[in-house]
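Colleague: So I've got this file, query-v6.csv, and it contains CSV, C-alpha atoms (C1' of nucleotides) and all ligand atoms:
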```csv
chain,number,residue,atom,x,y,z
A,1,MET,CA,-75.3,126.1,32.4
A,2,SER,CA,-73.3,126.1,35.6
A,3,LEU,CA,-76.6,126.3,37.4
A,4,SER,CA,-78.9,124.0,35.4
A,5,TYR,CA,-76.2,121.3,35.4
A,6,SER,CA,-75.6,121.3,39.1
A,7,HIS,CA,-77.5,118.0,39.5
A,8,ILE,CA,-75.4,116.3,36.8
A,9,LYS,CA,-72.2,117.7,38.3
A,10,ASP,CA,-73.1,116.3,41.7
A,11,LYS,CA,-73.7,112.9,40.3
A,12,ILE,CA,-70.4,112.9,38.6
A,13,SER,CA,-68.6,114.2,41.6
A,14,GLU,CA,-70.3,111.8,44.0
A,15,SER,CA,-69.4,108.9,41.8
A,16,GLY,CA,-65.7,109.7,42.4
A,17,LEU,CA,-64.9,111.2,39.0
A,18,LYS,CA,-63.6,114.6,38.2
A,19,VAL,CA,-66.2,117.0,36.9
A,20,THR,CA,-65.3,118.1,33.3
A,21,HIS,CA,-67.3,119.9,30.7
A,22,GLN,CA,-67.1,116.7,28.5
A,23,ARG,CA,-68.5,114.5,31.2
A,24,ILE,CA,-71.3,117.0,32.0
A,25,VAL,CA,-72.4,117.1,28.4
A,26,ILE,CA,-72.2,113.4,27.8
A,27,LEU,CA,-74.0,112.4,31.0
A,28,ASN,CA,-76.7,115.0,30.5
A,29,THR,CA,-77.2,113.7,27.0
A,30,VAL,CA,-77.5,110.0,27.8
A,31,LEU,CA,-79.8,110.7,30.7
A,32,GLN,CA,-82.3,112.2,28.3
A,33,MET,CA,-82.1,109.3,25.9
A,34,ASP,CA,-84.3,106.3,26.4
A,35,ASN,CA,-83.2,104.3,23.3
A,36,HIS,CA,-80.1,102.7,24.7
A,37,PRO,CA,-77.8,104.6,22.4
A,38,THR,CA,-74.4,103.5,20.9
A,39,VAL,CA,-71.3,105.6,21.4
A,40,GLU,CA,-71.7,106.8,17.9
A,41,HIS,CA,-75.2,107.8,18.5
A,42,ILE,CA,-74.2,109.8,21.6
A,43,TYR,CA,-71.4,111.4,19.7
A,44,GLU,CA,-73.7,112.5,16.9
A,45,SER,CA,-76.1,114.0,19.2
A,46,ILE,CA,-73.6,116.2,21.0
A,47,LYS,CA,-71.1,117.2,18.3
A,48,ASP,CA,-73.0,120.1,16.7
A,49,ALA,CA,-73.1,121.9,20.0
A,50,ASN,CA,-69.7,120.6,21.2
A,51,PRO,CA,-67.5,120.1,18.1
A,52,SER,CA,-64.4,119.9,20.2
A,53,ILE,CA,-65.4,116.8,22.1
A,54,SER,CA,-63.7,113.8,20.4
A,55,LEU,CA,-65.2,110.4,19.7
A,56,GLY,CA,-62.4,108.8,21.8
A,57,THR,CA,-63.5,110.9,24.8
A,58,VAL,CA,-67.1,109.6,24.4
A,59,TYR,CA,-65.8,106.1,24.5
A,60,LYS,CA,-63.6,106.7,27.5
A,61,THR,CA,-66.3,108.7,29.3
A,62,VAL,CA,-69.2,106.2,29.0
A,63,GLU,CA,-66.9,103.4,30.1
A,64,ALA,CA,-65.9,105.5,33.1
A,65,PHE,CA,-69.5,106.1,33.9
A,66,VAL,CA,-70.3,102.3,33.7
A,67,ASN,CA,-67.3,101.6,36.0
A,68,ASN,CA,-68.5,104.2,38.5
A,69,GLY,CA,-72.2,103.2,38.5
A,70,LEU,CA,-73.6,106.1,36.5
A,71,LEU,CA,-74.6,104.1,33.5
A,72,SER,CA,-75.1,100.5,32.6
A,73,LYS,CA,-74.0,98.7,29.4
A,74,VAL,CA,-76.1,96.4,27.2
A,75,SER,CA,-74.7,94.1,24.6
A,76,THR,CA,-76.5,93.0,21.5
A,77,ASN,CA,-75.9,90.6,18.6
A,78,GLU,CA,-75.2,93.5,16.4
A,79,GLY,CA,-71.6,94.3,17.2
A,80,GLN,CA,-72.1,97.6,19.1
A,81,MET,CA,-72.4,98.2,22.8
A,82,ARG,CA,-75.3,100.3,24.0
A,83,TYR,CA,-75.6,102.4,27.1
A,84,ASP,CA,-78.5,102.7,29.5
A,85,PRO,CA,-79.1,105.5,32.0
A,86,LYS,CA,-81.5,103.3,34.0
A,87,LEU,CA,-79.8,101.6,36.9
A,88,ASP,CA,-82.5,99.8,38.7
A,89,ASN,CA,-83.2,96.2,37.8
A,90,HIS,CA,-85.2,95.9,34.6
A,91,GLY,CA,-85.5,93.7,31.5
A,92,HIS,CA,-85.0,94.4,27.9
A,93,ILE,CA,-87.0,93.7,24.8
A,94,TYR,CA,-84.8,93.2,21.8
A,95,CYS,CA,-86.5,93.8,18.4
A,96,SER,CA,-84.2,92.2,15.9
A,97,ASN,CA,-86.0,93.7,12.9
A,98,THR,CA,-85.6,97.3,14.1
A,99,SER,CA,-82.6,97.0,16.4
A,100,GLU,CA,-84.6,98.6,19.1
A,101,ILE,CA,-84.0,97.9,22.8
A,102,ILE,CA,-87.0,98.6,24.8
A,103,ASP,CA,-87.1,98.7,28.6
A,104,TYR,CA,-89.3,96.3,30.4
A,105,PHE,CA,-90.0,97.2,34.0
A,106,ASP,CA,-92.2,94.9,36.1
A,107,ASP,CA,-92.0,94.8,39.9
A,108,GLU,CA,-94.1,91.7,40.1
A,109,LEU,CA,-91.7,89.9,37.8
A,110,ASN,CA,-88.7,91.1,39.7
A,111,ASP,CA,-90.2,89.9,42.9
A,112,MET,CA,-91.1,86.6,41.4
A,113,ILE,CA,-87.5,86.0,40.1
A,114,LEU,CA,-86.0,87.2,43.3
A,115,SER,CA,-88.0,84.8,45.5
A,116,PHE,CA,-87.4,82.0,43.0
A,117,PHE,CA,-83.7,82.4,43.5
A,118,LYS,CA,-84.1,82.9,47.3
A,119,ASN,CA,-85.0,79.2,47.4
A,120,LYS,CA,-82.0,78.1,45.4
A,121,ARG,CA,-78.5,77.1,46.5
A,122,VAL,CA,-76.1,79.1,44.4
A,123,SER,CA,-72.5,78.0,45.1
A,124,ASN,CA,-69.3,79.7,43.9
A,125,LEU,CA,-71.0,82.6,42.3
A,126,LYS,CA,-71.4,86.2,43.5
A,127,ILE,CA,-74.5,87.3,41.7
A,128,LYS,CA,-74.5,91.0,40.6
A,129,ASN,CA,-77.9,91.0,38.9
A,130,ILE,CA,-80.5,88.9,37.1
A,131,THR,CA,-82.2,90.3,34.1
A,132,LEU,CA,-84.8,89.1,31.6
A,133,GLN,CA,-84.2,89.3,27.9
A,134,ILE,CA,-87.2,89.2,25.6
A,135,ASN,CA,-86.3,88.6,22.0
A,136,GLY,CA,-88.7,89.2,19.2
A,137,ASP,CA,-89.7,91.2,16.2
A,138,LYS,CA,-91.8,94.3,16.0
A,139,ILE,CA,-94.9,93.6,14.0
A,140,ASP,CA,-95.5,97.2,12.9
A,141,PRO,CA,-92.2,99.0,13.1
A,142,GLU,CA,-93.9,102.3,13.3
A,143,LYS,CA,-95.9,101.6,16.4
A,144,ASP,CA,-94.8,101.0,20.0
A,145,VAL,CA,-94.5,97.7,21.8
A,146,LEU,CA,-96.6,97.4,24.9
A,147,ILE,CA,-96.7,94.7,27.6
A,148,LYS,CA,-99.2,95.1,30.4
B,1,MET,CA,-66.2,59.2,8.7
B,2,SER,CA,-69.0,59.1,6.1
B,3,LEU,CA,-70.6,56.7,8.5
B,4,SER,CA,-70.0,58.2,11.9
B,5,TYR,CA,-71.0,61.6,10.7
B,6,SER,CA,-74.3,60.6,9.2
B,7,HIS,CA,-76.3,62.1,12.0
B,8,ILE,CA,-74.5,65.5,11.5
B,9,LYS,CA,-75.0,65.3,7.8
B,10,ASP,CA,-78.7,64.7,8.2
B,11,LYS,CA,-79.0,67.7,10.5
B,12,ILE,CA,-77.2,70.0,8.0
B,13,SER,CA,-79.2,68.6,5.1
B,14,GLU,CA,-82.5,68.9,6.9
B,15,SER,CA,-81.8,72.5,7.9
B,16,GLY,CA,-81.7,73.3,4.2
B,17,LEU,CA,-78.0,73.7,3.8
B,18,LYS,CA,-75.7,71.9,1.5
B,19,VAL,CA,-73.6,69.2,3.2
B,20,THR,CA,-69.9,70.1,2.9
B,21,HIS,CA,-66.8,68.7,4.6
B,22,GLN,CA,-66.3,72.1,6.3
B,23,ARG,CA,-69.8,72.2,7.7
B,24,ILE,CA,-69.6,68.6,9.0
B,25,VAL,CA,-66.4,69.3,10.8
B,26,ILE,CA,-67.5,72.7,12.2
B,27,LEU,CA,-70.9,71.5,13.4
B,28,ASN,CA,-69.5,68.3,14.9
B,29,THR,CA,-67.0,70.3,16.8
B,30,VAL,CA,-69.4,72.9,18.2
B,31,LEU,CA,-71.9,70.2,19.2
B,32,GLN,CA,-69.2,68.8,21.5
B,33,MET,CA,-68.3,72.1,23.1
B,34,ASP,CA,-70.3,73.3,26.1
B,35,ASN,CA,-68.3,76.5,26.7
B,36,HIS,CA,-70.1,78.8,24.2
B,37,PRO,CA,-67.0,79.1,22.0
B,38,THR,CA,-66.0,82.1,19.9
B,39,VAL,CA,-65.3,81.7,16.2
B,40,GLU,CA,-61.6,81.9,17.0
B,41,HIS,CA,-61.9,79.2,19.5
B,42,ILE,CA,-63.7,76.9,17.0
B,43,TYR,CA,-61.1,77.7,14.4
B,44,GLU,CA,-58.3,76.8,16.8
B,45,SER,CA,-59.9,73.5,17.7
B,46,ILE,CA,-60.3,72.3,14.1
B,47,LYS,CA,-57.3,73.7,12.3
B,48,ASP,CA,-54.7,71.0,13.2
B,49,ALA,CA,-56.8,68.3,11.8
B,50,ASN,CA,-58.2,70.5,9.0
B,51,PRO,CA,-55.6,73.0,8.0
B,52,SER,CA,-57.3,73.9,4.8
B,53,ILE,CA,-60.5,75.3,6.4
B,54,SER,CA,-60.2,79.0,6.5
B,55,LEU,CA,-61.2,81.4,9.3
B,56,GLY,CA,-63.6,83.1,7.0
B,57,THR,CA,-65.4,79.9,6.4
B,58,VAL,CA,-65.8,79.3,10.1
B,59,TYR,CA,-67.4,82.8,10.3
B,60,LYS,CA,-69.7,82.2,7.4
B,61,THR,CA,-70.6,78.7,8.5
B,62,VAL,CA,-71.6,79.4,12.1
B,63,GLU,CA,-73.7,82.3,10.9
B,64,ALA,CA,-75.4,80.0,8.4
B,65,PHE,CA,-76.0,77.5,11.2
B,66,VAL,CA,-77.6,80.3,13.3
B,67,ASN,CA,-79.8,81.4,10.4
B,68,ASN,CA,-80.9,77.8,9.8
B,69,GLY,CA,-81.7,76.9,13.4
B,70,LEU,CA,-78.7,74.6,14.1
B,71,LEU,CA,-76.9,76.9,16.5
B,72,SER,CA,-77.8,79.9,18.6
B,73,LYS,CA,-75.7,83.0,19.2
B,74,VAL,CA,-74.9,84.7,22.4
B,75,SER,CA,-73.5,88.2,22.8
B,76,THR,CA,-71.4,89.5,25.7
B,77,ASN,CA,-69.8,92.7,26.8
B,78,GLU,CA,-66.5,91.5,25.6
B,79,GLY,CA,-66.6,92.2,21.9
B,80,GLN,CA,-66.9,88.7,20.5
B,81,MET,CA,-69.9,86.7,19.6
B,82,ARG,CA,-70.2,83.2,21.1
B,83,TYR,CA,-72.0,80.2,19.8
B,84,ASP,CA,-74.2,77.7,21.5
B,85,PRO,CA,-75.3,74.2,20.3
B,86,LYS,CA,-78.2,74.1,22.8
B,87,LEU,CA,-81.4,75.2,21.1
B,88,ASP,CA,-84.0,74.7,23.8
B,89,ASN,CA,-84.9,77.6,26.0
B,90,HIS,CA,-82.3,78.2,28.8
B,91,GLY,CA,-80.6,80.9,30.6
B,92,HIS,CA,-77.0,81.9,30.9
B,93,ILE,CA,-74.7,82.7,33.8
B,94,TYR,CA,-72.1,85.3,32.8
B,95,CYS,CA,-69.0,85.3,35.0
B,96,SER,CA,-67.3,88.6,34.2
B,97,ASN,CA,-64.1,87.7,36.0
B,98,THR,CA,-63.5,84.5,34.0
B,99,SER,CA,-65.4,85.3,30.8
B,100,GLU,CA,-67.3,82.1,31.2
B,101,ILE,CA,-70.8,81.5,30.0
B,102,ILE,CA,-72.5,78.7,31.9
B,103,ASP,CA,-75.8,77.2,30.9
B,104,TYR,CA,-78.7,77.4,33.3
B,105,PHE,CA,-81.5,75.0,32.6
B,106,ASP,CA,-84.5,75.1,34.9
B,107,ASP,CA,-87.9,73.8,33.8
B,108,GLU,CA,-89.6,75.2,36.8
B,109,LEU,CA,-88.3,78.7,36.0
B,110,ASN,CA,-89.2,78.3,32.3
B,111,ASP,CA,-92.8,77.4,33.3
B,112,MET,CA,-93.0,80.2,35.8
B,113,ILE,CA,-91.9,82.8,33.2
B,114,LEU,CA,-94.1,81.3,30.5
B,115,SER,CA,-97.2,81.4,32.7
B,116,PHE,CA,-96.4,84.9,33.8
B,117,PHE,CA,-96.4,86.2,30.3
B,118,LYS,CA,-99.5,84.1,29.4
B,119,ASN,CA,-101.4,86.6,31.6
B,120,LYS,CA,-99.9,89.6,29.9
B,121,ARG,CA,-101.2,91.5,26.9
B,122,VAL,CA,-98.2,91.9,24.5
B,123,SER,CA,-99.0,94.1,21.6
B,124,ASN,CA,-97.1,94.7,18.4
B,125,LEU,CA,-94.4,92.2,19.2
B,126,LYS,CA,-93.8,88.7,17.9
B,127,ILE,CA,-91.9,87.1,20.8
B,128,LYS,CA,-89.2,84.6,19.7
B,129,ASN,CA,-87.9,83.6,23.1
B,130,ILE,CA,-87.5,84.9,26.7
B,131,THR,CA,-84.3,84.1,28.5
B,132,LEU,CA,-82.8,84.9,31.8
B,133,GLN,CA,-79.3,86.3,32.2
B,134,ILE,CA,-77.5,85.9,35.5
B,135,ASN,CA,-74.5,88.2,35.8
B,136,GLY,CA,-71.9,87.6,38.5
B,137,ASP,CA,-68.4,86.7,39.4
B,138,LYS,CA,-67.0,83.3,40.1
B,139,ILE,CA,-65.7,83.2,43.7
B,140,ASP,CA,-63.1,80.4,43.1
B,141,PRO,CA,-62.3,80.5,39.4
B,142,GLU,CA,-61.0,76.9,39.6
B,143,LYS,CA,-64.3,75.5,40.8
B,144,ASP,CA,-67.6,75.1,39.1
B,145,VAL,CA,-70.7,77.2,39.6
B,146,LEU,CA,-73.8,75.3,40.8
B,147,ILE,CA,-77.4,76.4,41.2
B,148,LYS,CA,-79.9,73.9,42.5
C,1,DT,C1',-51.7,130.4,43.5
C,2,DC,C1',-49.2,126.0,42.9
C,3,DT,C1',-48.9,121.4,42.0
C,4,DT,C1',-49.8,117.2,40.1
C,5,DA,C1',-52.4,113.4,38.8
C,6,DA,C1',-56.1,112.8,35.8
C,7,DA,C1',-58.5,113.9,31.5
C,8,DT,C1',-58.5,115.2,26.7
C,9,DA,C1',-57.8,115.6,21.4
C,10,DA,C1',-55.9,113.7,17.6
C,11,DG,C1',-54.5,110.2,15.4
C,12,DA,C1',-52.5,105.6,15.0
C,13,DA,C1',-53.2,100.8,16.0
C,14,DT,C1',-55.8,96.7,16.9
C,15,DA,C1',-59.3,93.2,16.7
C,16,DA,C1',-63.5,91.3,15.2
C,17,DT,C1',-66.1,90.8,11.4
C,18,DT,C1',-67.6,91.3,6.6
C,19,DA,C1',-66.9,91.8,1.6
C,20,DT,C1',-64.8,90.5,-2.8
C,21,DC,C1',-63.9,87.3,-6.2
C,22,DA,C1',-61.9,83.6,-8.7
C,23,DA,C1',-62.0,78.6,-8.2
C,24,DT,C1',-64.3,74.6,-6.6
C,25,DT,C1',-68.2,71.7,-5.5
C,26,DA,C1',-72.9,69.7,-4.0
C,27,DG,C1',-76.8,68.1,-5.6
C,28,DG,C1',-80.6,68.1,-8.7
C,29,DA,C1',-81.9,67.6,-13.8
C,30,DA,C1',-81.3,65.4,-17.9
D,1,DT,C1',-73.8,58.8,-14.9
D,2,DT,C1',-72.9,63.0,-16.6
D,3,DC,C1',-74.0,67.9,-16.8
D,4,DC,C1',-75.3,72.2,-15.1
D,5,DT,C1',-75.5,75.8,-12.1
D,6,DA,C1',-76.1,78.1,-7.9
D,7,DA,C1',-73.9,77.8,-3.6
D,8,DT,C1',-69.7,77.4,-1.1
D,9,DT,C1',-65.0,78.1,-0.2
D,10,DG,C1',-60.1,80.1,0.5
D,11,DA,C1',-57.5,83.9,0.1
D,12,DT,C1',-57.2,88.3,1.0
D,13,DA,C1',-58.7,93.1,1.2
D,14,DA,C1',-61.8,96.2,3.5
D,15,DT,C1',-64.6,97.8,7.1
D,16,DT,C1',-66.0,98.9,11.7
D,17,DA,C1',-65.9,99.2,16.6
D,18,DT,C1',-62.9,100.0,20.0
D,19,DT,C1',-58.5,100.8,22.3
D,20,DC,C1',-54.0,102.8,22.6
D,21,DT,C1',-50.4,106.5,22.5
D,22,DT,C1',-48.7,110.8,23.5
D,23,DA,C1',-48.4,115.7,23.9
D,24,DT,C1',-51.3,119.1,26.0
D,25,DT,C1',-54.6,120.8,29.1
D,26,DT,C1',-57.1,121.0,33.3
D,27,DA,C1',-59.7,119.9,37.8
D,28,DA,C1',-59.2,120.1,42.4
D,29,DG,C1',-56.8,119.8,46.5
D,30,DA,C1',-52.7,121.9,49.3
E,201,MN,MN,-69.9,92.9,20.5
E,202,MN,MN,-65.9,94.6,16.5
E,203,ZN,ZN,-82.8,99.7,29.8
E,204,ZN,ZN,-76.2,78.0,26.4
```
The structure given in the file should be rewritten as structure tokens.
Modeller:
Amino acid sequence: MSLSYSHIKDKISESGLKVTHQRIVILNTVLQMDNHPTVEHIYESIKDANPSISLGTVYKTVEAFVNNGLLSKVSTNEGQMRYDPKLDNHGHIYCSNTSEIIDYFDDELNDMILSFFKNKRVSNLKIKNITLQINGDKIDPEKDVLIK
Amino acid sequence: MSLSYSHIKDKISESGLKVTHQRIVILNTVLQMDNHPTVEHIYESIKDANPSISLGTVYKTVEAFVNNGLLSKVSTNEGQMRYDPKLDNHGHIYCSNTSEIIDYFDDELNDMILSFFKNKRVSNLKIKNITLQINGDKIDPEKDVLIK
DNA sequence: TCTTAAATAAGAATAATTATCAATTAGGAA
DNA sequence: TTCCTAATTGATAATTATTCTTATTTAAGA
């Protein structure tokens, strides 16, 4: 583990946080999830192999990761925050019938929005990012959503 | 009041909900607020004139309004839902330093996004709406944000 | 190896929201 | 107009997500 986690350790360390076993496990787990998990979901997926890591630590850890640029945070209309290992600018598809959040990457769209706002006068606001939110319902909950 | 609220009453009635004093007061209040209020905020602003309306009723009522197309609901990273009387498609500017949510209407942008997705194949998703989310910080919290 | 500030586990506390249920009421039917 | 009934409400309890507290442990630099 010391060896295979070296990449994770570097990321944590470079972000300015102390490297702890808990943080290694949590970051490694979230990086492998592409479903925008909740804290509870993260906790469930680590606890069998790491029964001593407490739920409170998962809360504190993901929040530290967000504040230090290792994760991003996504809010929904369903009362729970969700976490996202993808840091580059991208949109999200919210399926209200399945509670899924699906990534939507599109360079052409990003460029279009960027150049749109290039021509705008924005006063009294320091923009951090601009994202697109696509709200809808999955038609067949079993199948994937595809936009291309 | 029976007279001046007739427009509000009609809206409630046409949406399929029973017309009650509580609903008239709450809808009338939210329609006049442009700050995307929380339930608590709505409750505070009605309770002096309507001390008998309970907080639970405000929760149930705004949720009924959302389900019946009279209000829309906006989520934030701050643990409270916020309600929006504007129903036509528009984006939001989230100022994380002031917790403000500011409407961003732009027909040109709407058209641009619409025509962008016209040329896309979207499979297995019934799109309800597509909105833009602009995240940033107000520079001078006292002054307004302007994009033009 | 020592030192110390930061992190953790466990559990209590808080805050937003939802559920329960008896009493009231809106609005259609008679 | 009166009656009927399902929907709504107020009061309050319960739930849920998240944060706080504190004693203990630990990472990492001196
Ligand atoms: Mn929330
Ligand atoms: Mn909550
Ligand atoms: Zn994402
Ligand atoms: Zn709005």
Colleague: Quick one: which residues from chain A are at most 9 Å off chain C, using all atoms listed in the file, as a tab-separated table (two decimals) with C-alpha atoms, in the frame of the given file?
Modeller:
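File written: out_15.tsv
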```tsv
chain	number	residue	atom	x	y	z
A	18	LYS	CA	-63.60	114.60	38.20
A	20	THR	CA	-65.30	118.10	33.30
A	22	GLN	CA	-67.10	116.70	28.50
A	52	SER	CA	-64.40	119.90	20.20
A	53	ILE	CA	-65.40	116.80	22.10
A	54	SER	CA	-63.70	113.80	20.40
A	56	GLY	CA	-62.40	108.80	21.80
A	57	THR	CA	-63.50	110.90	24.80
A	79	GLY	CA	-71.60	94.30	17.20
```
Colleague: Using only C-alpha atoms, find the one residue out of B:His90, B:His41, B:Lys60, B:His7 that sits nearest to chain A.
Modeller: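 The closest residue to chain A is B:His90.
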Colleague: Select, as a PyMOL selection string, those residues of chain D with any atom no more than 10 Å from chain B (distances computed using all atoms listed in the file).
Modeller: chain D and resi 7-11+17-18
Colleague: If the cut-off is 7 Å, can you tell me the residues of chain A near chain B, counting all atoms listed in the file? I'd like them as an mmCIF file with C-alpha atoms, in the frame of the given file.
Modeller:
```cif
data_model
loop_
_atom_site.group_PDB
_atom_site.id
_atom_site.type_symbol
_atom_site.label_atom_id
_atom_site.label_comp_id
_atom_site.auth_asym_id
_atom_site.auth_seq_id
_atom_site.Cartn_x
_atom_site.Cartn_y
_atom_site.Cartn_z
ATOM 1 C CA SER A 75 -74.700 94.100 24.600
ATOM 2 C CA THR A 76 -76.500 93.000 21.500
ATOM 3 C CA ASN A 77 -75.900 90.600 18.600
ATOM 4 C CA LYS A 120 -82.000 78.100 45.400
ATOM 5 C CA ARG A 121 -78.500 77.100 46.500
ATOM 6 C CA VAL A 122 -76.100 79.100 44.400
ATOM 7 C CA SER A 123 -72.500 78.000 45.100
ATOM 8 C CA ASN A 124 -69.300 79.700 43.900
ATOM 9 C CA LEU A 125 -71.000 82.600 42.300
ATOM 10 C CA LYS A 126 -71.400 86.200 43.500
ATOM 11 C CA ILE A 127 -74.500 87.300 41.700
ATOM 12 C CA LYS A 128 -74.500 91.000 40.600
ATOM 13 C CA ASN A 129 -77.900 91.000 38.900
ATOM 14 C CA ILE A 130 -80.500 88.900 37.100
ATOM 15 C CA THR A 131 -82.200 90.300 34.100
ATOM 16 C CA LEU A 132 -84.800 89.100 31.600
ATOM 17 C CA GLN A 133 -84.200 89.300 27.900
ATOM 18 C CA ILE A 134 -87.200 89.200 25.600
ATOM 19 C CA ASN A 135 -86.300 88.600 22.000
ATOM 20 C CA GLY A 136 -88.700 89.200 19.200
ATOM 21 C CA ASP A 137 -89.700 91.200 16.200
ATOM 22 C CA LYS A 138 -91.800 94.300 16.000
ATOM 23 C CA ILE A 139 -94.900 93.600 14.000
ATOM 24 C CA ASP A 140 -95.500 97.200 12.900
ATOM 25 C CA ASP A 144 -94.800 101.000 20.000
ATOM 26 C CA VAL A 145 -94.500 97.700 21.800
ATOM 27 C CA LEU A 146 -96.600 97.400 24.900
ATOM 28 C CA ILE A 147 -96.700 94.700 27.600
ATOM 29 C CA LYS A 148 -99.200 95.100 30.400
#
```
Colleague: Which distance in Å separates CA of Met33 (chain A) and C1' of DT15 (chain D), to one decimal?
Modeller: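 Between these atoms lies a distance of 28.1 Å.
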Colleague: Mind listing the residues within 9 Å of ligand ZN 204 (chain E), all atoms listed in the file counted, as number ranges by chain?
Modeller: B: 34-36, 72-74, 83-93, 101-105
Colleague: Output C-alpha atoms for every residue in the selection just made, as an mmCIF file, in the coordinates of the input.
Modeller:
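After the write, out-v4.cif holds the following:
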```cif
data_model
loop_
_atom_site.group_PDB
_atom_site.id
_atom_site.type_symbol
_atom_site.label_atom_id
_atom_site.label_comp_id
_atom_site.auth_asym_id
_atom_site.auth_seq_id
_atom_site.Cartn_x
_atom_site.Cartn_y
_atom_site.Cartn_z
ATOM 1 C CA ASP B 34 -70.300 73.300 26.100
ATOM 2 C CA ASN B 35 -68.300 76.500 26.700
ATOM 3 C CA HIS B 36 -70.100 78.800 24.200
ATOM 4 C CA SER B 72 -77.800 79.900 18.600
ATOM 5 C CA LYS B 73 -75.700 83.000 19.200
ATOM 6 C CA VAL B 74 -74.900 84.700 22.400
ATOM 7 C CA TYR B 83 -72.000 80.200 19.800
ATOM 8 C CA ASP B 84 -74.200 77.700 21.500
ATOM 9 C CA PRO B 85 -75.300 74.200 20.300
ATOM 10 C CA LYS B 86 -78.200 74.100 22.800
ATOM 11 C CA LEU B 87 -81.400 75.200 21.100
ATOM 12 C CA ASP B 88 -84.000 74.700 23.800
ATOM 13 C CA ASN B 89 -84.900 77.600 26.000
ATOM 14 C CA HIS B 90 -82.300 78.200 28.800
ATOM 15 C CA GLY B 91 -80.600 80.900 30.600
ATOM 16 C CA HIS B 92 -77.000 81.900 30.900
ATOM 17 C CA ILE B 93 -74.700 82.700 33.800
ATOM 18 C CA ILE B 101 -70.800 81.500 30.000
ATOM 19 C CA ILE B 102 -72.500 78.700 31.900
ATOM 20 C CA ASP B 103 -75.800 77.200 30.900
ATOM 21 C CA TYR B 104 -78.700 77.400 33.300
ATOM 22 C CA PHE B 105 -81.500 75.000 32.600
#
```
Colleague: Can you tell me how far CA of Tyr59 (chain A) sits from CA of Val39 (chain A), in Å to one decimal?
Modeller: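 About the pair CA of Tyr59 (chain A) and CA of Val39 (chain A): they are 6.3 Å apart.
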Colleague: So the first atom is CA of Leu31 (chain B) and the second is CA of Ala64 (chain B); what is the distance between them in Å, to one decimal place?
Modeller: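 We find that CA of Leu31 (chain B) and CA of Ala64 (chain B) lie 15.0 Å from each other.
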Colleague: Name the closest residue to ligand MN 201 (chain E) among the candidates B:Asn67, B:Thr98, B:Thr38, B:Asn28; distances are taken between atoms, counting only C-alpha atoms and all ligand atoms.
Modeller: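 Looking only at the distances to ligand MN 201 (chain E), the closest residue turns out to be B:Thr38.
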Colleague: List the spatial neighbours of Ile26 (chain B) as a tab-separated table (two decimals) with C-alpha atoms, in the frame of the given file - criterion: any atom at most 8 Å away, all atoms listed in the file, same-chain residues fewer than 2 positions off excluded.
Modeller:
```tsv
chain	number	residue	atom	x	y	z
B	22	GLN	CA	-66.30	72.10	6.30
B	23	ARG	CA	-69.80	72.20	7.70
B	24	ILE	CA	-69.60	68.60	9.00
B	28	ASN	CA	-69.50	68.30	14.90
B	29	THR	CA	-67.00	70.30	16.80
B	30	VAL	CA	-69.40	72.90	18.20
B	42	ILE	CA	-63.70	76.90	17.00
B	46	ILE	CA	-60.30	72.30	14.10
B	58	VAL	CA	-65.80	79.30	10.10
B	61	THR	CA	-70.60	78.70	8.50
B	62	VAL	CA	-71.60	79.40	12.10
```
Colleague: Please rebuild region 135-144 of chain A with N, CA and C atoms and return the result as a PDB file, in the coordinates of the input.
Modeller:
```
ATOM      1  N   ASN A 135     -86.660  88.416  23.380  1.00  0.00           N
ATOM      2  CA  ASN A 135     -86.300  88.600  22.000  1.00  0.00           C
ATOM      3  C   ASN A 135     -87.465  88.431  21.079  1.00  0.00           C
ATOM      4  N   GLY A 136     -87.567  89.319  20.128  1.00  0.00           N
ATOM      5  CA  GLY A 136     -88.700  89.200  19.200  1.00  0.00           C
ATOM      6  C   GLY A 136     -88.545  90.185  18.041  1.00  0.00           C
ATOM      7  N   ASP A 137     -89.611  90.277  17.285  1.00  0.00           N
ATOM      8  CA  ASP A 137     -89.700  91.200  16.200  1.00  0.00           C
ATOM      9  C   ASP A 137     -90.890  92.106  16.340  1.00  0.00           C
ATOM     10  N   LYS A 138     -90.697  93.371  16.054  1.00  0.00           N
ATOM     11  CA  LYS A 138     -91.800  94.300  16.000  1.00  0.00           C
ATOM     12  C   LYS A 138     -92.721  93.894  14.848  1.00  0.00           C
ATOM     13  N   ILE A 139     -94.021  93.929  15.056  1.00  0.00           N
ATOM     14  CA  ILE A 139     -94.900  93.600  14.000  1.00  0.00           C
ATOM     15  C   ILE A 139     -95.082  94.844  13.062  1.00  0.00           C
ATOM     16  N   ASP A 140     -95.526  95.945  13.636  1.00  0.00           N
ATOM     17  CA  ASP A 140     -95.500  97.200  12.900  1.00  0.00           C
ATOM     18  C   ASP A 140     -94.400  98.083  13.414  1.00  0.00           C
ATOM     19  N   PRO A 141     -93.355  98.227  12.614  1.00  0.00           N
ATOM     20  CA  PRO A 141     -92.200  99.000  13.100  1.00  0.00           C
ATOM     21  C   PRO A 141     -92.480 100.422  13.456  1.00  0.00           C
ATOM     22  N   GLU A 142     -93.592 100.946  12.978  1.00  0.00           N
ATOM     23  CA  GLU A 142     -93.900 102.300  13.300  1.00  0.00           C
ATOM     24  C   GLU A 142     -94.547 102.488  14.663  1.00  0.00           C
ATOM     25  N   LYS A 143     -95.192 101.437  15.110  1.00  0.00           N
ATOM     26  CA  LYS A 143     -95.900 101.600  16.400  1.00  0.00           C
ATOM     27  C   LYS A 143     -95.063 101.048  17.553  1.00  0.00           C
ATOM     28  N   ASP A 144     -95.488 101.390  18.751  1.00  0.00           N
ATOM     29  CA  ASP A 144     -94.800 101.000  20.000  1.00  0.00           C
ATOM     30  C   ASP A 144     -95.134  99.562  20.373  1.00  0.00           C
TER      31      ASP A 144
END
```
